[in-house]
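Peer 1: Dropping a structure here in structure tokens format, bear with me for questions.
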Amino acid sequence: MNSVGMVCILIGSIIVLSRAMIVVAPVASLRWFNELIAKEARVRMMGICSLFMPALLIWAGTSEDTTLAGVLLIFGLFFLIVAIPWLVFFPRSYIEFSRSLLPTNLLAWRLLGVLGVIVGLVLVNIGMDAL
């Protein structure tokens with residue numbers, strides 16, 4: 001068992017589980033997300049709690065010398081250098097940006113959920129192939 005395959009399966013499973021909620025209950029998930037980004041402190045907490053993901057991606061990316069490991073390393077570095085500091089140090093701009101991207105109708109919200117589930121399943125499949 002290699003670390004790249006396991007990390008791909010884990011991240012893909014997290015994506016599938018979090019996006020399936022959007023498909024099944026779009027109103028509740030939209031309300032939950034709006035409540036999550038309602039306050040700057042919550043966004044900062046989300047950024048701090050999300051630090052495990054870039055650490056996991058960087059660890060898996062440096063453990064092997066494959067193309068998939070390189071992609072994981074690049075995504076991990078992006079999250080560590082750009083996304084996490086944006087959440088922690090500039091939460092107001094993140095809140096405004098994410099609210100501007102939220103769909104206004106539920107069909108678009110569900111389609112985003114379906115797209116996320118498909119991406120997660122592809123990532124799980126890539127992880128299974130890497131094992």
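Naming scheme: A, B, ... for chains in displayed order of the structure tokens; residues 1 onward per chain; ligands 1 onward as shown.
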Give me, as a ChimeraX atom specification, all polymer residues having an atom no more than 8 Å from A:Trp109, counting only C-alpha atoms and skipping those fewer than 6 positions away in the same chain.

Peer 2: /A:22-23,26,102-103

Peer 1: May I have the residues within 8 Å of A:Gly127 as a VMD selection string, using only C-alpha atoms and disregarding those fewer than 6 positions away in the same chain?

Peer 2: chain A and resid 4 to 9

Peer 1: Please, could you write that set of residues out with C-alpha atoms as an mmCIF file, in the first residue's frame?

Peer 2:
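What landed in result15.cif:
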```
data_model
loop_
_atom_site.group_PDB
_atom_site.id
_atom_site.type_symbol
_atom_site.label_atom_id
_atom_site.label_comp_id
_atom_site.auth_asym_id
_atom_site.auth_seq_id
_atom_site.Cartn_x
_atom_site.Cartn_y
_atom_site.Cartn_z
ATOM 1 C CA VAL A 4 -0.383 8.419 -2.589
ATOM 2 C CA GLY A 5 -3.178 5.937 -3.253
ATOM 3 C CA MET A 6 -4.427 6.061 0.320
ATOM 4 C CA VAL A 7 -4.441 9.869 0.383
ATOM 5 C CA CYS A 8 -6.322 9.994 -2.948
ATOM 6 C CA ILE A 9 -8.926 7.592 -1.592
#
```

Peer 1: Between A:Val122, A:Leu87, A:Val117, A:Val43, which residue has the minimum interatomic distance to A:Ala20, considering only C-alpha atoms?

Peer 2: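 Result for the nearest residue to A:Ala20: A:Val117.
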
Peer 1: Give me the residues near A:Ala38 as a PyMOL selection string, where near means some atom within 8 Å (using only C-alpha atoms) and where sequence neighbours in that chain fewer than 4 positions away do not count.

Peer 2: chain A and resi 34+42+95

Peer 1: Could you take the residues named above and write them with N, CA and C atoms, as a short mmCIF file (atom, residue, chain, number, x, y, z; two decimals), in the first residue's frame?

Peer 2:
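Result file follows (selection-v6.cif):
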```cif
data_model
loop_
_atom_site.label_atom_id
_atom_site.label_comp_id
_atom_site.auth_asym_id
_atom_site.auth_seq_id
_atom_site.Cartn_x
_atom_site.Cartn_y
_atom_site.Cartn_z
N ASN A 34 -23.97 29.04 4.54
CA ASN A 34 -24.14 30.46 4.84
C ASN A 34 -23.90 30.75 6.32
N ARG A 42 -15.47 32.12 12.45
CA ARG A 42 -15.74 30.77 11.94
C ARG A 42 -14.88 30.46 10.72
N ILE A 95 -15.20 35.58 2.57
CA ILE A 95 -16.65 35.57 2.73
C ILE A 95 -17.33 36.24 1.53
#
```

Peer 1: In terms of the shortest atom-to-atom distance over only C-alpha atoms, which of A:Leu123, A:Met53, A:Ile14, A:Val27 is closest to A:Ile84?

Peer 2: A:Met53

Peer 1: Residues of chain A in alpha helix (DSSP H) according to DSSP, as a VMD selection string?

Peer 2: chain A and resid 3 to 24 26 to 36 40 to 49 52 to 63 67 to 78 84 to 89 91 to 101 106 to 130

Peer 1: Would you mind listing what lies within 10 Å of A:Arg19 as a PyMOL selection string, with only C-alpha atoms counted and same-chain residues fewer than 2 positions away left out?

Peer 2: chain A and resi 13-17+21-24+26+29+110+112-120

Peer 1: Write to file, as a PDB file, in the first residue's frame, the residues of the selection just made, with N, CA and C atoms.

Peer 2:
```pdb
ATOM      1  N   SER A  13     -13.000  10.411  -0.823  1.00  0.00           N
ATOM      2  CA  SER A  13     -14.133  10.052   0.036  1.00  0.00           C
ATOM      3  C   SER A  13     -14.683  11.263   0.771  1.00  0.00           C
ATOM      4  N   ILE A  14     -13.800  12.137   1.239  1.00  0.00           N
ATOM      5  CA  ILE A  14     -14.244  13.362   1.911  1.00  0.00           C
ATOM      6  C   ILE A  14     -15.035  14.238   0.943  1.00  0.00           C
ATOM      7  N   ILE A  15     -14.555  14.335  -0.293  1.00  0.00           N
ATOM      8  CA  ILE A  15     -15.256  15.134  -1.299  1.00  0.00           C
ATOM      9  C   ILE A  15     -16.630  14.537  -1.588  1.00  0.00           C
ATOM     10  N   VAL A  16     -16.697  13.216  -1.763  1.00  0.00           N
ATOM     11  CA  VAL A  16     -17.976  12.569  -2.060  1.00  0.00           C
ATOM     12  C   VAL A  16     -18.961  12.776  -0.913  1.00  0.00           C
ATOM     13  N   LEU A  17     -18.519  12.550   0.305  1.00  0.00           N
ATOM     14  CA  LEU A  17     -19.431  12.682   1.448  1.00  0.00           C
ATOM     15  C   LEU A  17     -19.906  14.119   1.646  1.00  0.00           C
ATOM     16  N   MET A  21     -24.214  15.646   0.307  1.00  0.00           N
ATOM     17  CA  MET A  21     -25.181  16.393   1.109  1.00  0.00           C
ATOM     18  C   MET A  21     -25.825  17.494   0.273  1.00  0.00           C
ATOM     19  N   ILE A  22     -25.058  18.088  -0.628  1.00  0.00           N
ATOM     20  CA  ILE A  22     -25.609  19.146  -1.480  1.00  0.00           C
ATOM     21  C   ILE A  22     -26.658  18.573  -2.431  1.00  0.00           C
ATOM     22  N   VAL A  23     -26.426  17.368  -2.925  1.00  0.00           N
ATOM     23  CA  VAL A  23     -27.367  16.750  -3.866  1.00  0.00           C
ATOM     24  C   VAL A  23     -28.643  16.333  -3.144  1.00  0.00           C
ATOM     25  N   VAL A  24     -28.506  15.755  -1.957  1.00  0.00           N
ATOM     26  CA  VAL A  24     -29.659  15.205  -1.236  1.00  0.00           C
ATOM     27  C   VAL A  24     -30.476  16.300  -0.558  1.00  0.00           C
ATOM     28  N   PRO A  26     -30.236  20.213  -0.659  1.00  0.00           N
ATOM     29  CA  PRO A  26     -29.583  21.458  -1.069  1.00  0.00           C
ATOM     30  C   PRO A  26     -29.939  22.667  -0.197  1.00  0.00           C
ATOM     31  N   SER A  29     -27.992  22.320   3.128  1.00  0.00           N
ATOM     32  CA  SER A  29     -26.549  22.501   2.954  1.00  0.00           C
ATOM     33  C   SER A  29     -26.218  23.951   2.629  1.00  0.00           C
ATOM     34  N   ARG A 110     -27.487  21.874  -6.859  1.00  0.00           N
ATOM     35  CA  ARG A 110     -27.468  20.409  -6.986  1.00  0.00           C
ATOM     36  C   ARG A 110     -26.484  19.950  -8.063  1.00  0.00           C
ATOM     37  N   LEU A 112     -23.761  21.453  -8.949  1.00  0.00           N
ATOM     38  CA  LEU A 112     -22.423  21.566  -8.349  1.00  0.00           C
ATOM     39  C   LEU A 112     -22.148  20.377  -7.427  1.00  0.00           C
ATOM     40  N   GLY A 113     -23.154  19.948  -6.715  1.00  0.00           N
ATOM     41  CA  GLY A 113     -23.002  18.781  -5.856  1.00  0.00           C
ATOM     42  C   GLY A 113     -22.733  17.518  -6.653  1.00  0.00           C
ATOM     43  N   VAL A 114     -23.461  17.329  -7.752  1.00  0.00           N
ATOM     44  CA  VAL A 114     -23.248  16.157  -8.604  1.00  0.00           C
ATOM     45  C   VAL A 114     -21.848  16.189  -9.205  1.00  0.00           C
ATOM     46  N   LEU A 115     -21.419  17.372  -9.654  1.00  0.00           N
ATOM     47  CA  LEU A 115     -20.070  17.504 -10.200  1.00  0.00           C
ATOM     48  C   LEU A 115     -19.019  17.178  -9.140  1.00  0.00           C
ATOM     49  N   GLY A 116     -19.235  17.635  -7.913  1.00  0.00           N
ATOM     50  CA  GLY A 116     -18.305  17.312  -6.822  1.00  0.00           C
ATOM     51  C   GLY A 116     -18.259  15.833  -6.514  1.00  0.00           C
ATOM     52  N   VAL A 117     -19.415  15.170  -6.534  1.00  0.00           N
ATOM     53  CA  VAL A 117     -19.456  13.728  -6.303  1.00  0.00           C
ATOM     54  C   VAL A 117     -18.693  12.990  -7.402  1.00  0.00           C
ATOM     55  N   ILE A 118     -18.865  13.417  -8.637  1.00  0.00           N
ATOM     56  CA  ILE A 118     -18.151  12.777  -9.750  1.00  0.00           C
ATOM     57  C   ILE A 118     -16.647  12.969  -9.601  1.00  0.00           C
ATOM     58  N   VAL A 119     -16.207  14.171  -9.257  1.00  0.00           N
ATOM     59  CA  VAL A 119     -14.779  14.429  -9.056  1.00  0.00           C
ATOM     60  C   VAL A 119     -14.245  13.573  -7.911  1.00  0.00           C
ATOM     61  N   GLY A 120     -14.998  13.478  -6.833  1.00  0.00           N
ATOM     62  CA  GLY A 120     -14.573  12.646  -5.712  1.00  0.00           C
ATOM     63  C   GLY A 120     -14.465  11.183  -6.078  1.00  0.00           C
TER      64      GLY A 120
END
```
